[in-house]
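J.: After the structure tokens below, expect a handful of questions from me.
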Amino acid sequence: MRVDLFDFDLPPESIALRPARPRDAAKMLLVDGDAPFADHHVRDLPGLLRAGDVLVFNDTRVIPAQLEGMRGEARIGATLHKRIDLRRWQAFVRNAKRLKAGDRITFPADVTAISEERLPDGSWTLAFEGNEPVEVLLERAGQMPLPPYIAGKRPTDEADASDYQTMFAREKGAVAAPTAALHFTPELVEALDAAGVVRETLTLHVGAGTFLPVKADDTVDHQMHAEFGRIDAATADRLNAARRAGGRLIAVGTTSLRLLESATGEDGVIRPFEGDTSIFITPGYRFKAIDGLMTNFHLPKSTLFMLVSALMGLERMQSVYSHAIENGYRFYSYGDSSLLIP
């Protein structure tokens, strides 16, 4: 499909630079089949779901993967986006034209890395020196990797260290938050438990590729970046049992959805999964695992807007976004939410 079909005009003032406080005070637009849109707040979620429904969360934890360093006199910025092994990560590099294989980059707090190889997608393999785990080095030298549409408007500060982390974050490795789950609070989870809504978790380490623009003119020519995910056997069994019992699987975020769909066969059975996925969901895709999606409002011409258009239909989602803009919904990572039930 032509990428420009997924374009829309978004006023700059619609982009949220801070999250709602408390988190579950964010607005949420319910889109249930062909029914009229319904304006709610995230705290209303227990009354919008049914007992036996399952919310599937991503428990990845964002690491401070944004680094600023020097290669000689040249300033170098690096955003780590995918672990290769214990010492080596793939990274998108700013000012990469000043970098060649074998260069040493010096970051703050005595952290150094060697630029090993430029990859076909333009990213670099960086090999960190020393014996400490890279995650420990990042805690010393890195910053929280806020999305470009926020970082370009204000500096990262101390509040982002907690604001850009979900209450479910456990497994370190993401360089972007699974933002749909940023809206959840202990009080909301307690209310969901009381309503009989089940919670399950999986892990997908979100990469910085999620922010890359689609440069191709047609979706068939776009190459998705791979991300590492894991669903264990016990979780897969419980999810399958919940569906057999009539419960709906509601993915909390496009990351959870993409991993569930990657782990599900044509027979609709979710299987254990551990490895990379580069699944790219566009209109025409037949969903096998999920019955709904809770997600924020996404960028024009982004792979995520293509995904929600695949779930609900492009024309329907264009109407959804028009309604959201006209009614003051806040967009992107720190913005408001939607509950999409096809």
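Chains: A, B, ... in order of the structure tokens. Residues: from 1 per chain. Ligands: from 1, in order shown.
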Using only C-alpha atoms, tabulate the residues of range 174-239 of chain A lying at most 8 Å from any atom of range 153-164 of chain A, each with its closest atom pair and that distance in Å to one decimal, by chain and increasing residue number, as a Markdown table.

T.:
| residue | atom | partner | partner_atom | distance |
| --- | --- | --- | --- | --- |
| A:Ala177 | CA | A:Tyr164 | CA | 6.3 |
| A:Thr179 | CA | A:Tyr164 | CA | 7.9 |
| A:Leu182 | CA | A:Tyr164 | CA | 7.3 |

J.: Could you find all residues in range 137-207 of chain A that DSSP calls alpha helix (DSSP H) from the backbone, and write them as a ChimeraX atom specification?

T.: /A:137-141,148-151,158-163,186-194

J.: From the set A:Met312, A:Leu299, A:Met306, A:Val134, which residue has the shortest atom-to-atom contact distance to Phe8 in chain A, counting only C-alpha atoms?

T.: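 Smallest distance to Phe8 in chain A is found for A:Leu299.
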
J.: Which polymer residues have any atom within 7 Å of an atom of range 195-208 of chain A, counting only C-alpha atoms, with same-chain residues fewer than 6 positions away left out, as a PyMOL selection string?

T.: chain A and resi 46+50-60+81-82+173-177+227-231+255+259

J.: For range 72-78 of chain A, work out the shell of residues within 10 Å, counting only C-alpha atoms and skipping chain neighbours fewer than 6 positions away, then give it as a list in words.

T.: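 Non-adjacent residues within range: Ala65, Gln66, Gln90, Ala91, Phe92, Val93, Arg94, Asn95, Ala96, Lys97, Arg98, Leu99, Asp103, Arg104, Ile105, Thr106, Phe107, Ser123, Trp124, Leu126 and Gly142 of chain A.
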
J.: Could you please take those selected residues and save N, CA and C atoms as a CSV table (one decimal), in the first residue's frame?

T.:
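In the end it all went to again_13.csv:
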chain,number,residue,atom,x,y,z
A,65,ALA,N,19.8,4.3,27.4
A,65,ALA,CA,20.6,3.9,26.2
A,65,ALA,C,21.1,5.0,25.3
A,66,GLN,N,20.8,6.2,25.7
A,66,GLN,CA,21.3,7.4,24.9
A,66,GLN,C,22.6,7.9,25.5
A,90,GLN,N,24.1,-3.0,18.7
A,90,GLN,CA,23.8,-2.1,17.6
A,90,GLN,C,23.4,-0.8,18.1
A,91,ALA,N,23.8,0.3,17.4
A,91,ALA,CA,23.5,1.6,17.8
A,91,ALA,C,23.2,2.5,16.5
A,92,PHE,N,22.3,3.4,16.7
A,92,PHE,CA,22.1,4.5,15.7
A,92,PHE,C,23.0,5.6,16.2
A,93,VAL,N,23.8,6.1,15.2
A,93,VAL,CA,24.9,7.1,15.6
A,93,VAL,C,24.6,8.4,14.9
A,94,ARG,N,24.6,9.5,15.7
A,94,ARG,CA,24.6,10.8,15.2
A,94,ARG,C,26.0,11.3,14.9
A,95,ASN,N,26.1,12.0,13.8
A,95,ASN,CA,27.4,12.4,13.3
A,95,ASN,C,28.3,11.2,12.9
A,96,ALA,N,27.6,10.2,12.3
A,96,ALA,CA,28.3,8.9,11.9
A,96,ALA,C,29.3,9.1,10.8
A,97,LYS,N,29.2,10.2,10.1
A,97,LYS,CA,30.1,10.5,9.0
A,97,LYS,C,31.5,10.7,9.5
A,98,ARG,N,31.6,11.0,10.8
A,98,ARG,CA,32.9,11.2,11.5
A,98,ARG,C,33.5,10.0,12.1
A,99,LEU,N,32.8,8.8,11.8
A,99,LEU,CA,33.2,7.6,12.4
A,99,LEU,C,33.7,6.6,11.4
A,103,ASP,N,37.5,3.0,15.4
A,103,ASP,CA,37.6,4.3,16.3
A,103,ASP,C,37.2,4.0,17.7
A,104,ARG,N,37.8,4.7,18.6
A,104,ARG,CA,37.4,4.6,20.0
A,104,ARG,C,36.6,5.8,20.3
A,105,ILE,N,35.4,5.6,20.9
A,105,ILE,CA,34.5,6.7,21.3
A,105,ILE,C,34.6,6.8,22.9
A,106,THR,N,34.8,8.0,23.4
A,106,THR,CA,34.9,8.2,24.8
A,106,THR,C,33.6,8.8,25.3
A,107,PHE,N,32.9,8.1,26.2
A,107,PHE,CA,31.7,8.6,26.8
A,107,PHE,C,32.0,9.1,28.3
A,123,SER,N,23.2,1.7,10.9
A,123,SER,CA,23.6,1.7,12.3
A,123,SER,C,25.0,1.1,12.4
A,124,TRP,N,25.6,1.2,13.6
A,124,TRP,CA,26.9,0.7,13.9
A,124,TRP,C,26.9,-0.4,14.9
A,126,LEU,N,28.8,-1.4,18.1
A,126,LEU,CA,29.7,-0.8,19.1
A,126,LEU,C,30.1,-1.9,20.1
A,142,GLY,N,24.7,6.8,30.6
A,142,GLY,CA,23.6,7.0,29.7
A,142,GLY,C,22.5,7.9,30.2

J.: I need the residues of range 154-185 of chain A that end up classed as strand (DSSP E) by DSSP on the backbone, written out as a list in words.

T.: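 Taking range 154-185 of chain A and keeping strand (DSSP E) gives Glu171, Lys172, Gly173 and Ala174 of chain A.
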
J.: So, counting only C-alpha atoms, which residue among A:Phe280, A:Phe184, A:Tyr149, A:Phe37 is closest to Ser333 in chain A?

T.: A:Tyr149
